[in-house]
file protein_7.cif (mmCIF, C-alpha atoms and all ligand atoms)
data_data
loop_
_atom_site.group_PDB
_atom_site.id
_atom_site.type_symbol
_atom_site.label_atom_id
_atom_site.label_comp_id
_atom_site.auth_asym_id
_atom_site.auth_seq_id
_atom_site.Cartn_x
_atom_site.Cartn_y
_atom_site.Cartn_z
ATOM 1 C CA MET L 1028 0.000 0.000 0.000
ATOM 2 C CA ILE L 1029 0.899 3.649 -0.233
ATOM 3 C CA GLY L 1030 0.778 5.229 3.216
ATOM 4 C CA VAL L 1031 -0.327 8.838 3.643
ATOM 5 C CA PHE L 1032 0.352 10.423 7.017
ATOM 6 C CA ASP L 1033 -0.697 13.641 8.720
ATOM 7 C CA SER L 1034 -1.137 14.897 12.259
ATOM 8 C CA GLY L 1035 -4.895 14.911 11.633
ATOM 9 C CA PHE L 1036 -7.403 15.667 8.881
ATOM 10 C CA GLY L 1037 -5.190 17.925 6.769
ATOM 11 C CA GLY L 1038 -3.544 15.123 4.834
ATOM 12 C CA LEU L 1039 -6.945 14.151 3.468
ATOM 13 C CA THR L 1040 -6.699 17.221 1.214
ATOM 14 C CA ILE L 1041 -3.561 15.662 -0.294
ATOM 15 C CA LEU L 1042 -4.917 12.111 -0.365
ATOM 16 C CA LYS L 1043 -7.949 13.258 -2.358
ATOM 17 C CA ASP L 1044 -5.798 14.624 -5.164
ATOM 18 C CA ILE L 1045 -3.450 11.635 -5.077
ATOM 19 C CA ARG L 1046 -6.356 9.228 -5.422
ATOM 20 C CA ARG L 1047 -7.880 11.311 -8.212
ATOM 21 C CA LEU L 1048 -4.639 11.071 -10.214
ATOM 22 C CA LEU L 1049 -3.575 7.565 -9.139
ATOM 23 C CA PRO L 1050 -6.836 5.708 -8.374
ATOM 24 C CA GLU L 1051 -5.464 2.252 -9.085
ATOM 25 C CA TYR L 1052 -3.274 1.943 -5.968
ATOM 26 C CA ASP L 1053 -4.254 0.828 -2.452
ATOM 27 C CA TYR L 1054 -3.869 3.474 0.258
ATOM 28 C CA MET L 1055 -3.623 3.574 4.034
ATOM 29 C CA TYR L 1056 -4.264 6.997 5.580
ATOM 30 C CA LEU L 1057 -3.091 7.640 9.131
ATOM 31 C CA GLY L 1058 -4.206 10.725 11.063
ATOM 32 C CA ASP L 1059 -2.625 11.225 14.487
ATOM 33 C CA ASN L 1060 -5.721 13.159 15.577
ATOM 34 C CA ALA L 1061 -5.173 12.364 19.262
ATOM 35 C CA ARG L 1062 -1.893 14.313 19.265
ATOM 36 C CA THR L 1063 -2.680 17.071 16.756
ATOM 37 C CA PRO L 1064 -1.558 19.817 16.364
ATOM 38 C CA TYR L 1065 2.083 19.115 15.554
ATOM 39 C CA GLY L 1066 2.710 22.696 14.470
ATOM 40 C CA THR L 1067 3.266 24.027 17.978
ATOM 41 C CA ARG L 1068 5.469 21.128 19.124
ATOM 42 C CA SER L 1069 9.257 20.942 19.349
ATOM 43 C CA PHE L 1070 11.523 19.330 16.770
ATOM 44 C CA ASP L 1071 12.147 16.306 19.017
ATOM 45 C CA VAL L 1072 8.457 15.650 19.632
ATOM 46 C CA VAL L 1073 7.431 15.992 15.964
ATOM 47 C CA TYR L 1074 10.300 13.697 14.978
ATOM 48 C CA ALA L 1075 9.369 11.078 17.624
ATOM 49 C CA TYR L 1076 5.650 11.113 16.692
ATOM 50 C CA THR L 1077 6.368 10.966 12.958
ATOM 51 C CA LEU L 1078 8.823 8.101 13.385
ATOM 52 C CA GLU L 1079 6.182 6.142 15.309
ATOM 53 C CA ALA L 1080 3.677 6.692 12.501
ATOM 54 C CA VAL L 1081 6.173 5.757 9.794
ATOM 55 C CA SER L 1082 7.196 2.579 11.655
ATOM 56 C CA TYR L 1083 3.530 1.633 12.062
ATOM 57 C CA LEU L 1084 2.747 2.119 8.364
ATOM 58 C CA PHE L 1085 5.840 0.183 7.268
ATOM 59 C CA SER L 1086 4.984 -2.726 9.557
ATOM 60 C CA HIS L 1087 1.370 -2.773 8.325
ATOM 61 C CA GLY L 1088 1.991 -3.208 4.619
ATOM 62 C CA CYS L 1089 3.090 0.179 3.249
ATOM 63 C CA SER L 1090 6.118 0.252 0.989
ATOM 64 C CA LEU L 1091 5.948 3.959 0.239
ATOM 65 C CA ILE L 1092 4.847 6.690 2.654
ATOM 66 C CA VAL L 1093 3.966 10.277 1.828
ATOM 67 C CA LEU L 1094 4.262 12.639 4.788
ATOM 68 C CA ALA L 1095 1.212 14.715 3.832
ATOM 69 C CA CYS L 1096 2.155 17.135 6.582
ATOM 70 C CA ASN L 1097 4.472 20.094 6.111
ATOM 71 C CA THR L 1098 5.415 20.190 9.780
ATOM 72 C CA ALA L 1099 6.527 16.541 9.741
ATOM 73 C CA SER L 1100 8.219 17.046 6.363
ATOM 74 C CA ALA L 1101 10.100 20.058 7.744
ATOM 75 C CA LYS L 1102 11.077 18.594 11.097
ATOM 76 C CA ALA L 1103 11.332 14.815 10.694
ATOM 77 C CA LEU L 1104 11.735 13.746 7.058
ATOM 78 C CA ARG L 1105 15.450 14.253 6.639
ATOM 79 C CA THR L 1106 16.393 12.534 9.909
ATOM 80 C CA ILE L 1107 14.125 9.586 9.139
ATOM 81 C CA GLN L 1108 15.530 9.254 5.616
ATOM 82 C CA GLN L 1109 19.147 9.552 6.735
ATOM 83 C CA ASN L 1110 19.169 7.813 10.128
ATOM 84 C CA ASP L 1111 16.175 5.509 10.474
ATOM 85 C CA LEU L 1112 15.227 4.087 7.101
ATOM 86 C CA ALA L 1113 18.127 1.633 6.781
ATOM 87 C CA ARG L 1114 17.309 0.321 10.283
ATOM 88 C CA LEU L 1115 13.540 0.080 9.730
ATOM 89 C CA VAL L 1116 13.360 -1.663 6.355
ATOM 90 C CA PRO L 1117 15.311 -4.284 4.365
ATOM 91 C CA LEU L 1118 17.779 -3.092 1.757
ATOM 92 C CA PHE L 1119 18.069 -3.899 -1.948
ATOM 93 C CA PRO L 1120 21.361 -5.550 -3.038
ATOM 94 C CA ASP L 1121 22.620 -2.081 -4.067
ATOM 95 C CA GLY L 1122 22.198 -0.916 -0.457
ATOM 96 C CA LEU L 1123 19.153 1.292 -1.038
ATOM 97 C CA PRO L 1124 16.118 0.807 1.220
ATOM 98 C CA GLN L 1125 13.252 -1.312 -0.130
ATOM 99 C CA LYS L 1126 10.674 1.119 1.305
ATOM 100 C CA ARG L 1127 10.689 4.900 1.105
ATOM 101 C CA VAL L 1128 9.349 8.044 2.793
ATOM 102 C CA LEU L 1129 8.615 11.201 0.793
ATOM 103 C CA GLY L 1130 7.853 14.725 1.979
ATOM 104 C CA ILE L 1131 5.787 17.469 0.390
ATOM 105 C CA ILE L 1132 7.939 20.573 0.728
ATOM 106 C CA ARG L 1133 10.379 19.895 -2.123
ATOM 107 C CA PRO L 1134 7.699 19.296 -4.822
ATOM 108 C CA THR L 1135 5.824 22.386 -3.660
ATOM 109 C CA VAL L 1136 8.920 24.550 -3.822
ATOM 110 C CA GLU L 1137 9.675 23.310 -7.333
ATOM 111 C CA ALA L 1138 6.219 24.459 -8.481
ATOM 112 C CA VAL L 1139 5.898 27.799 -6.722
ATOM 113 C CA GLY L 1140 8.502 29.824 -8.638
ATOM 114 C CA ALA L 1141 6.656 29.586 -11.943
ATOM 115 C CA LEU L 1142 3.534 31.243 -10.538
ATOM 116 C CA THR L 1143 4.627 34.607 -9.196
ATOM 117 C CA ARG L 1144 4.815 37.658 -11.467
ATOM 118 C CA THR L 1145 6.103 40.114 -8.869
ATOM 119 C CA GLY L 1146 8.630 37.635 -7.445
ATOM 120 C CA HIS L 1147 7.089 38.095 -3.970
ATOM 121 C CA ILE L 1148 5.580 35.032 -2.308
ATOM 122 C CA GLY L 1149 3.763 34.615 0.997
ATOM 123 C CA VAL L 1150 3.877 31.303 2.860
ATOM 124 C CA LEU L 1151 1.160 30.495 5.391
ATOM 125 C CA ALA L 1152 2.118 27.581 7.627
ATOM 126 C CA THR L 1153 2.285 26.263 11.180
ATOM 127 C CA GLN L 1154 4.658 27.857 13.667
ATOM 128 C CA GLY L 1155 6.880 24.763 13.395
ATOM 129 C CA THR L 1156 7.158 24.971 9.612
ATOM 130 C CA VAL L 1157 7.761 28.732 9.755
ATOM 131 C CA ASP L 1158 10.482 28.359 12.417
ATOM 132 C CA SER L 1159 12.196 25.596 10.440
ATOM 133 C CA LEU L 1160 12.740 28.114 7.585
ATOM 134 C CA SER L 1161 12.323 25.172 5.184
ATOM 135 C CA TYR L 1162 10.263 27.130 2.648
ATOM 136 C CA PRO L 1163 12.423 30.274 2.388
ATOM 137 C CA LEU L 1164 15.629 28.224 2.283
ATOM 138 C CA GLU L 1165 14.370 25.721 -0.294
ATOM 139 C CA ILE L 1166 12.737 28.390 -2.488
ATOM 140 C CA LYS L 1167 15.959 30.440 -2.457
ATOM 141 C CA LYS L 1168 17.969 27.398 -3.595
ATOM 142 C CA ILE L 1169 15.892 27.166 -6.765
ATOM 143 C CA ASN L 1170 14.868 30.829 -7.220
ATOM 144 C CA PRO L 1171 17.388 33.087 -5.449
ATOM 145 C CA ASP L 1172 15.558 36.263 -6.535
ATOM 146 C CA ILE L 1173 12.192 35.423 -5.019
ATOM 147 C CA VAL L 1174 11.284 37.324 -1.850
ATOM 148 C CA VAL L 1175 9.555 35.051 0.672
ATOM 149 C CA SER L 1176 7.506 36.225 3.654
ATOM 150 C CA GLN L 1177 6.073 33.775 6.157
ATOM 151 C CA GLN L 1178 3.117 33.939 8.506
ATOM 152 C CA ALA L 1179 2.277 31.343 11.153
ATOM 153 C CA CYS L 1180 -1.458 30.709 11.575
ATOM 154 C CA PRO L 1181 -1.738 28.810 14.872
ATOM 155 C CA MET L 1182 -5.543 28.990 15.104
ATOM 156 C CA TRP L 1183 -6.266 27.487 11.688
ATOM 157 C CA VAL L 1184 -5.452 23.828 12.458
ATOM 158 C CA PRO L 1185 -7.725 23.789 15.559
ATOM 159 C CA LEU L 1186 -10.515 25.322 13.422
ATOM 160 C CA VAL L 1187 -10.170 22.474 10.917
ATOM 161 C CA GLU L 1188 -9.755 19.700 13.509
ATOM 162 C CA ASN L 1189 -12.919 20.915 15.255
ATOM 163 C CA ALA L 1190 -14.938 21.208 12.006
ATOM 164 C CA GLU L 1191 -15.261 24.988 12.449
ATOM 165 C CA PHE L 1192 -13.579 25.833 9.148
ATOM 166 C CA ASP L 1193 -16.789 26.626 7.276
ATOM 167 C CA LEU L 1194 -18.488 28.577 10.042
ATOM 168 C CA PRO L 1195 -18.565 32.368 10.505
ATOM 169 C CA GLY L 1196 -16.307 32.222 13.605
ATOM 170 C CA ALA L 1197 -13.363 31.261 11.392
ATOM 171 C CA ASP L 1198 -13.530 34.569 9.486
ATOM 172 C CA TYR L 1199 -11.807 36.544 12.236
ATOM 173 C CA PHE L 1200 -8.694 34.364 12.290
ATOM 174 C CA VAL L 1201 -8.524 34.024 8.499
ATOM 175 C CA ASP L 1202 -8.576 37.775 8.164
ATOM 176 C CA LYS L 1203 -6.119 38.336 11.003
ATOM 177 C CA TYR L 1204 -3.268 36.205 9.630
ATOM 178 C CA LEU L 1205 -3.747 37.385 6.033
ATOM 179 C CA ARG L 1206 -3.534 41.011 7.171
ATOM 180 C CA GLN L 1207 -0.317 40.179 9.059
ATOM 181 C CA LEU L 1208 1.154 38.477 5.988
ATOM 182 C CA LEU L 1209 0.306 41.320 3.588
ATOM 183 C CA ALA L 1210 1.625 43.884 6.085
ATOM 184 C CA GLN L 1211 5.042 42.189 5.803
ATOM 185 C CA ASP L 1212 5.115 42.638 2.022
ATOM 186 C CA PRO L 1213 2.368 44.349 -0.012
ATOM 187 C CA LEU L 1214 3.950 43.081 -3.262
ATOM 188 C CA ILE L 1215 2.978 39.479 -2.561
ATOM 189 C CA ASP L 1216 1.015 38.095 -5.513
ATOM 190 C CA THR L 1217 1.145 34.379 -4.657
ATOM 191 C CA VAL L 1218 0.136 32.895 -1.351
ATOM 192 C CA LEU L 1219 1.169 29.313 -0.678
ATOM 193 C CA LEU L 1220 -0.904 27.292 1.773
ATOM 194 C CA GLY L 1221 2.044 25.495 3.395
ATOM 195 C CA CYS L 1222 -0.045 23.390 5.743
ATOM 196 C CA THR L 1223 -2.280 20.605 4.496
ATOM 197 C CA HIS L 1224 -5.109 21.623 6.821
ATOM 198 C CA TYR L 1225 -5.436 25.058 5.235
ATOM 199 C CA PRO L 1226 -7.131 24.098 1.915
ATOM 200 C CA LEU L 1227 -10.253 23.462 3.966
ATOM 201 C CA LEU L 1228 -10.296 27.208 4.628
ATOM 202 C CA VAL L 1229 -9.518 28.121 1.024
ATOM 203 C CA ASN L 1230 -12.878 29.749 0.224
ATOM 204 C CA LYS L 1231 -12.589 32.031 3.229
ATOM 205 C CA ILE L 1232 -8.914 32.718 2.438
ATOM 206 C CA ARG L 1233 -9.746 33.679 -1.174
ATOM 207 C CA SER L 1234 -12.584 35.953 -0.212
ATOM 208 C CA SER L 1235 -10.602 37.651 2.557
ATOM 209 C CA LEU L 1236 -7.650 38.190 0.173
ATOM 210 C CA ASP L 1237 -9.994 39.659 -2.438
ATOM 211 C CA THR L 1238 -11.241 42.168 0.117
ATOM 212 C CA LEU L 1239 -7.811 43.000 1.515
ATOM 213 C CA THR L 1240 -6.211 43.529 -1.910
ATOM 214 C CA ARG L 1241 -9.198 45.114 -3.690
ATOM 215 C CA ASP L 1242 -7.468 48.487 -4.024
ATOM 216 C CA ASN L 1243 -4.094 47.075 -5.107
ATOM 217 C CA GLY L 1244 -5.255 46.383 -8.644
ATOM 218 C CA GLN L 1245 -3.362 43.116 -8.624
ATOM 219 C CA PRO L 1246 -5.006 39.774 -7.817
ATOM 220 C CA VAL L 1247 -3.307 37.423 -5.367
ATOM 221 C CA SER L 1248 -3.356 33.744 -6.300
ATOM 222 C CA VAL L 1249 -3.644 31.013 -3.713
ATOM 223 C CA LEU L 1250 -1.615 27.853 -4.201
ATOM 224 C CA THR L 1251 -2.626 24.553 -2.592
ATOM 225 C CA GLN L 1252 -0.421 21.459 -2.556
ATOM 226 C CA GLY L 1253 -2.681 18.504 -3.399
ATOM 227 C CA ASP L 1254 -2.310 18.543 -7.153
ATOM 228 C CA ILE L 1255 1.410 19.328 -6.985
ATOM 229 C CA VAL L 1256 2.077 16.424 -4.602
ATOM 230 C CA ALA L 1257 -0.063 14.029 -6.663
ATOM 231 C CA ARG L 1258 1.814 14.844 -9.882
ATOM 232 C CA SER L 1259 5.149 14.559 -8.110
ATOM 233 C CA LEU L 1260 4.182 11.150 -6.687
ATOM 234 C CA LYS L 1261 3.172 9.935 -10.138
ATOM 235 C CA ASP L 1262 6.534 11.032 -11.459
ATOM 236 C CA TYR L 1263 8.330 9.353 -8.525
ATOM 237 C CA LEU L 1264 6.549 6.027 -9.169
ATOM 238 C CA PHE L 1265 7.476 6.239 -12.846
ATOM 239 C CA ARG L 1266 11.135 6.877 -12.009
ATOM 240 C CA HIS L 1267 11.282 4.137 -9.326
ATOM 241 C CA PRO L 1268 9.823 0.930 -10.795
ATOM 242 C CA GLU L 1269 11.461 -1.075 -7.987
ATOM 243 C CA ILE L 1270 9.202 0.738 -5.473
ATOM 244 C CA GLU L 1271 6.177 1.026 -7.783
ATOM 245 C CA SER L 1272 6.067 -2.735 -8.327
ATOM 246 C CA SER L 1273 5.658 -3.279 -4.569
ATOM 247 C CA CYS L 1274 2.578 -0.992 -4.382
ATOM 248 C CA THR L 1275 -0.592 -3.093 -4.648
ATOM 249 C CA LYS L 1276 -3.324 -2.051 -7.044
ATOM 250 C CA GLY L 1277 -6.881 -2.621 -5.825
ATOM 251 C CA GLY L 1278 -8.165 0.963 -5.616
ATOM 252 C CA SER L 1279 -8.902 0.654 -1.867
ATOM 253 C CA CYS L 1280 -8.336 3.099 0.980
ATOM 254 C CA LEU L 1281 -8.223 2.300 4.671
ATOM 255 C CA TYR L 1282 -8.345 5.135 7.231
ATOM 256 C CA LEU L 1283 -6.621 4.942 10.611
ATOM 257 C CA THR L 1284 -6.882 7.431 13.457
ATOM 258 C CA THR L 1285 -5.339 7.631 16.906
ATOM 259 C CA GLU L 1286 -8.596 9.322 18.080
ATOM 260 C CA SER L 1287 -12.069 7.791 18.086
ATOM 261 C CA GLU L 1288 -13.393 6.229 14.877
ATOM 262 C CA GLN L 1289 -16.702 7.989 15.369
ATOM 263 C CA LYS L 1290 -15.066 11.412 15.669
ATOM 264 C CA PHE L 1291 -12.906 10.817 12.579
ATOM 265 C CA ARG L 1292 -15.828 9.570 10.469
ATOM 266 C CA CYS L 1293 -17.991 12.481 11.515
ATOM 267 C CA SER L 1294 -15.408 15.221 10.860
ATOM 268 C CA ALA L 1295 -14.029 13.639 7.684
ATOM 269 C CA SER L 1296 -17.520 13.278 6.210
ATOM 270 C CA VAL L 1297 -17.769 17.079 6.053
ATOM 271 C CA PHE L 1298 -15.242 17.115 3.230
ATOM 272 C CA MET L 1299 -14.997 13.529 1.939
ATOM 273 C CA ASP L 1300 -17.708 12.531 -0.495
ATOM 274 C CA GLU L 1301 -17.630 8.780 0.191
ATOM 275 C CA ASP L 1302 -18.250 6.404 3.081
ATOM 276 C CA ILE L 1303 -14.974 5.644 4.752
ATOM 277 C CA ASP L 1304 -13.626 2.572 6.530
ATOM 278 C CA VAL L 1305 -12.005 3.910 9.743
ATOM 279 C CA HIS L 1306 -10.121 2.038 12.460
ATOM 280 C CA HIS L 1307 -8.667 3.289 15.711
ATOM 281 C CA ILE L 1308 -5.008 2.501 16.382
ATOM 282 C CA ASP L 1309 -2.531 3.299 19.142
ATOM 283 C CA LEU L 1310 0.957 4.408 18.186
HETATM 284 N N1 LIG I 1 -1.236 19.501 8.424
HETATM 285 C C1 LIG I 1 0.042 19.674 8.982
HETATM 286 C C2 LIG I 1 0.937 20.518 8.130
HETATM 287 O O1 LIG I 1 0.826 20.460 6.916
HETATM 288 C C3 LIG I 1 0.187 19.863 10.475
HETATM 289 C C4 LIG I 1 -0.748 20.719 11.208
HETATM 290 C C5 LIG I 1 -0.551 20.598 12.701
HETATM 291 O O2 LIG I 1 -0.710 19.493 13.211
HETATM 292 O O3 LIG I 1 -0.217 21.614 13.328
HETATM 293 O O4 LIG I 1 1.787 21.224 8.615
#
call {"tool": "encode", "arguments": {"input": "protein_7.cif", "output": "structure tokens"}}
result
Amino acid sequence: MIGVFDSGFGGLTILKDIRRLLPEYDYMYLGDNARTPYGTRSFDVVYAYTLEAVSYLFSHGCSLIVLACNTASAKALRTIQQNDLARLVPLFPDGLPQKRVLGIIRPTVEAVGALTRTGHIGVLATQGTVDSLSYPLEIKKINPDIVVSQQACPMWVPLVENAEFDLPGADYFVDKYLRQLLAQDPLIDTVLLGCTHYPLLVNKIRSSLDTLTRDNGQPVSVLTQGDIVARSLKDYLFRHPEIESSCTKGGSCLYLTTESEQKFRCSASVFMDEDIDVHHIDL
């Protein structure tokens, strides 16, 4: 199976696009809803939690895992790839691991440069992702001239996890963080949602941006990651037939949560348009 991991519901926004583009594979989604949010936690804690999730998915039939979580990608991916993978999974004769973990920051960064006209980008993300500086550093490696401003949005993940993202109460916090971002750099013309929970707020984000930039004469585009990650995964599978051939193809998807099944089913149903098979697990 292909494992897709997030601290909670956010990764479902990525899974949806992956399954739309690659429907033939079997998937296992794991949301660590009991311990969300990750975005306010230290490096060591995010790394430890992510490693537990990755180990679980590997030992339950996944040969490829997508960390559909920017915070985990920023804080845990590299250490897991460099220090843990060789210990957790068998190796091919050439010494490379037979199972892999992918993040979502690199493919996003590769796509973002082509979209800005002013060369000024805003990144909205969790405090952890912002503090890691992963986006500014990675964007600069590919596009040294792009100016990147970041804004942490600590209230947005709780709004999504508590199914408040579509309700009027969310407007205040959407507006607040967008104002803070635009105050850093009024030339921003592309806003990247650098947290997989945020696409659930995208309608409110678009309408708030429209209002805030109405007098600028220049529209601000909002970039979400689902499609980018899905296309990058397709490309990865094409380039790695040794991994692709170990991914089963039955079109199924199993959902796992560290919280209650009932709570997951109820919240996920707000934005998933199918009945889902959910199981509780302990990490
Ligand atoms: N959805 C995750 C991300 O993309 C993490 C959110 C959180 O748990 O704080 O960063």
call {"tool": "residues_around", "arguments": {"input": "protein_7.cif", "residues": "Gln1245 of chain L", "least_positions_apart": "6", "cutoff": "10 Å", "atoms": "all atoms listed in the file", "output": "JSON list (two decimals) with C-alpha atoms, in the coordinates of the input"}}
result
[["chain", "number", "residue", "atom", "x", "y", "z"],
["L", 1145, "THR", "CA", 6.10, 40.11, -8.87],
["L", 1214, "LEU", "CA", 3.95, 43.08, -3.26],
["L", 1215, "ILE", "CA", 2.98, 39.48, -2.56],
["L", 1216, "ASP", "CA", 1.01, 38.10, -5.51],
["L", 1237, "ASP", "CA", -9.99, 39.66, -2.44]]
call {"tool": "atom_distance", "arguments": {"input": "protein_7.cif", "atom1": "atom CA of Gly1038 of chain L", "atom2": "atom CA of Gly1058 of chain L"}}
result
7.7 Å
call {"tool": "residues_around", "arguments": {"input": "protein_7.cif", "residues": "Gln1252 of chain L", "least_positions_apart": "2", "cutoff": "8 Å", "atoms": "only C-alpha atoms", "output": "short mmCIF file (atom, residue, chain, number, x, y, z; two decimals) with C-alpha atoms, in the coordinates of the input"}}
result
data_model
loop_
_atom_site.label_atom_id
_atom_site.label_comp_id
_atom_site.auth_asym_id
_atom_site.auth_seq_id
_atom_site.Cartn_x
_atom_site.Cartn_y
_atom_site.Cartn_z
CA ILE L 1041 -3.56 15.66 -0.29
CA ILE L 1131 5.79 17.47 0.39
CA THR L 1135 5.82 22.39 -3.66
CA LEU L 1220 -0.90 27.29 1.77
CA GLY L 1221 2.04 25.50 3.40
CA THR L 1223 -2.28 20.60 4.50
CA LEU L 1250 -1.62 27.85 -4.20
CA ASP L 1254 -2.31 18.54 -7.15
CA ILE L 1255 1.41 19.33 -6.98
CA VAL L 1256 2.08 16.42 -4.60
#
call {"tool": "resolve_selection", "arguments": {"input": "protein_7.cif", "expression": "the PyMOL selection byres (((chain L and resi 1271-1286) around 10) and not hetatm)", "output": "ChimeraX atom specification"}}
result
/L:1028-1036,1039,1042,1046,1049-1063,1088-1091,1125-1126,1261,1263-1270,1287-1292,1303-1310
call {"tool": "residues_near_ligand", "arguments": {"input": "protein_7.cif", "ligand": "ligand LIG 1 (chain I)", "cutoff": "6 Å", "atoms": "all atoms listed in the file", "output": "PyMOL selection string"}}
result
chain L and resi 1033-1034+1037+1063-1066+1096-1098+1153+1184+1222-1224
call {"tool": "atom_distance", "arguments": {"input": "protein_7.cif", "atom1": "atom CA of Asp1262 of chain L", "atom2": "atom CA of Tyr1074 of chain L"}}
result
26.8 Å
call {"tool": "axis_aligned_box", "arguments": {"input": "protein_7.cif", "around": "segment 1281-1292 of chain L", "padding_each_side": "4 Å", "output": "AutoDock Vina command-line options"}}
result
--center_x -11.0 --center_y 6.9 --center_z 11.4 --size_x 19.4 --size_y 17.1 --size_z 21.4
call {"tool": "closest_residue", "arguments": {"input": "protein_7.cif", "among": "L:Ala1257, L:Leu1151, L:Leu1078, L:Val1073", "to": "Pro1163 of chain L", "atoms": "all atoms listed in the file"}}
result
L:Leu1151
call {"tool": "resolve_selection", "arguments": {"input": "protein_7.cif", "expression": "the PyMOL selection byres (((chain L and resi 1129) around 10) and not hetatm)", "output": "short mmCIF file (atom, residue, chain, number, x, y, z; two decimals) with C-alpha atoms, in the frame of the given file"}}
result
data_model
loop_
_atom_site.label_atom_id
_atom_site.label_comp_id
_atom_site.auth_asym_id
_atom_site.auth_seq_id
_atom_site.Cartn_x
_atom_site.Cartn_y
_atom_site.Cartn_z
CA VAL L 1031 -0.33 8.84 3.64
CA LEU L 1091 5.95 3.96 0.24
CA ILE L 1092 4.85 6.69 2.65
CA VAL L 1093 3.97 10.28 1.83
CA LEU L 1094 4.26 12.64 4.79
CA ALA L 1095 1.21 14.72 3.83
CA SER L 1100 8.22 17.05 6.36
CA LEU L 1104 11.74 13.75 7.06
CA ARG L 1105 15.45 14.25 6.64
CA GLN L 1108 15.53 9.25 5.62
CA ARG L 1127 10.69 4.90 1.10
CA VAL L 1128 9.35 8.04 2.79
CA GLY L 1130 7.85 14.72 1.98
CA ILE L 1131 5.79 17.47 0.39
CA ILE L 1132 7.94 20.57 0.73
CA ARG L 1133 10.38 19.90 -2.12
CA PRO L 1134 7.70 19.30 -4.82
CA VAL L 1256 2.08 16.42 -4.60
CA LEU L 1260 4.18 11.15 -6.69
CA TYR L 1263 8.33 9.35 -8.52
#
call {"tool": "closest_residue", "arguments": {"input": "protein_7.cif", "among": "L:Leu1227, L:Ala1101, L:Ile1232, L:Leu1209", "to": "Leu1164 of chain L", "atoms": "all atoms listed in the file"}}
result
L:Ala1101
call {"tool": "closest_residue", "arguments": {"input": "protein_7.cif", "among": "L:Asp1212, L:Asp1172, L:Asp1202, L:Asp1193", "to": "Leu1236 of chain L", "atoms": "only C-alpha atoms"}}
result
L:Asp1202
call {"tool": "closest_residue", "arguments": {"input": "protein_7.cif", "among": "L:Thr1217, L:Thr1077, L:Lys1043, L:Val1150", "to": "Asp1300 of chain L", "atoms": "all atoms listed in the file"}}
result
L:Lys1043
call {"tool": "atom_distance", "arguments": {"input": "protein_7.cif", "atom1": "atom CA of Ile1173 of chain L", "atom2": "atom CA of Val1249 of chain L"}}
result
16.5 Å
call {"tool": "closest_residue", "arguments": {"input": "protein_7.cif", "among": "L:Arg1233, L:Ala1141, L:Ile1107, L:Ile1045", "to": "Ala1075 of chain L", "atoms": "all atoms listed in the file"}}
result
L:Ile1107
call {"tool": "resolve_selection", "arguments": {"input": "protein_7.cif", "expression": "the PyMOL selection byres (((chain L and resi 1114) around 12) and not hetatm)", "output": "ChimeraX atom specification"}}
result
/L:1078,1082,1085,1107-1113,1115-1118,1122-1126
call {"tool": "closest_residue", "arguments": {"input": "protein_7.cif", "among": "L:Glu1165, L:Asp1198, L:Asp1158, L:Asp1121", "to": "Arg1068 of chain L", "atoms": "all atoms listed in the file"}}
result
L:Asp1158
call {"tool": "residues_near_point", "arguments": {"input": "protein_7.cif", "point": "(6.9, 36.7, -8.5)", "cutoff": "6 Å", "atoms": "all atoms listed in the file", "output": "JSON, numbers by chain"}}
result
{"L": [1143, 1144, 1145, 1146, 1147]}
call {"tool": "residues_near_point", "arguments": {"input": "protein_7.cif", "point": "(3.8, 38.4, 5.7)", "cutoff": "7 Å", "atoms": "only C-alpha atoms", "output": "PyMOL selection string"}}
result
chain L and resi 1149+1176-1178+1207-1212
call {"tool": "write_last_selection", "arguments": {"input": "protein_7.cif", "atoms": "C-alpha atoms", "output": "mmCIF file, in the coordinates of the input"}}
result
data_model
loop_
_atom_site.group_PDB
_atom_site.id
_atom_site.type_symbol
_atom_site.label_atom_id
_atom_site.label_comp_id
_atom_site.auth_asym_id
_atom_site.auth_seq_id
_atom_site.Cartn_x
_atom_site.Cartn_y
_atom_site.Cartn_z
ATOM 1 C CA GLY L 1149 3.763 34.615 0.997
ATOM 2 C CA SER L 1176 7.506 36.225 3.654
ATOM 3 C CA GLN L 1177 6.073 33.775 6.157
ATOM 4 C CA GLN L 1178 3.117 33.939 8.506
ATOM 5 C CA GLN L 1207 -0.317 40.179 9.059
ATOM 6 C CA LEU L 1208 1.154 38.477 5.988
ATOM 7 C CA LEU L 1209 0.306 41.320 3.588
ATOM 8 C CA ALA L 1210 1.625 43.884 6.085
ATOM 9 C CA GLN L 1211 5.042 42.189 5.803
ATOM 10 C CA ASP L 1212 5.115 42.638 2.022
#
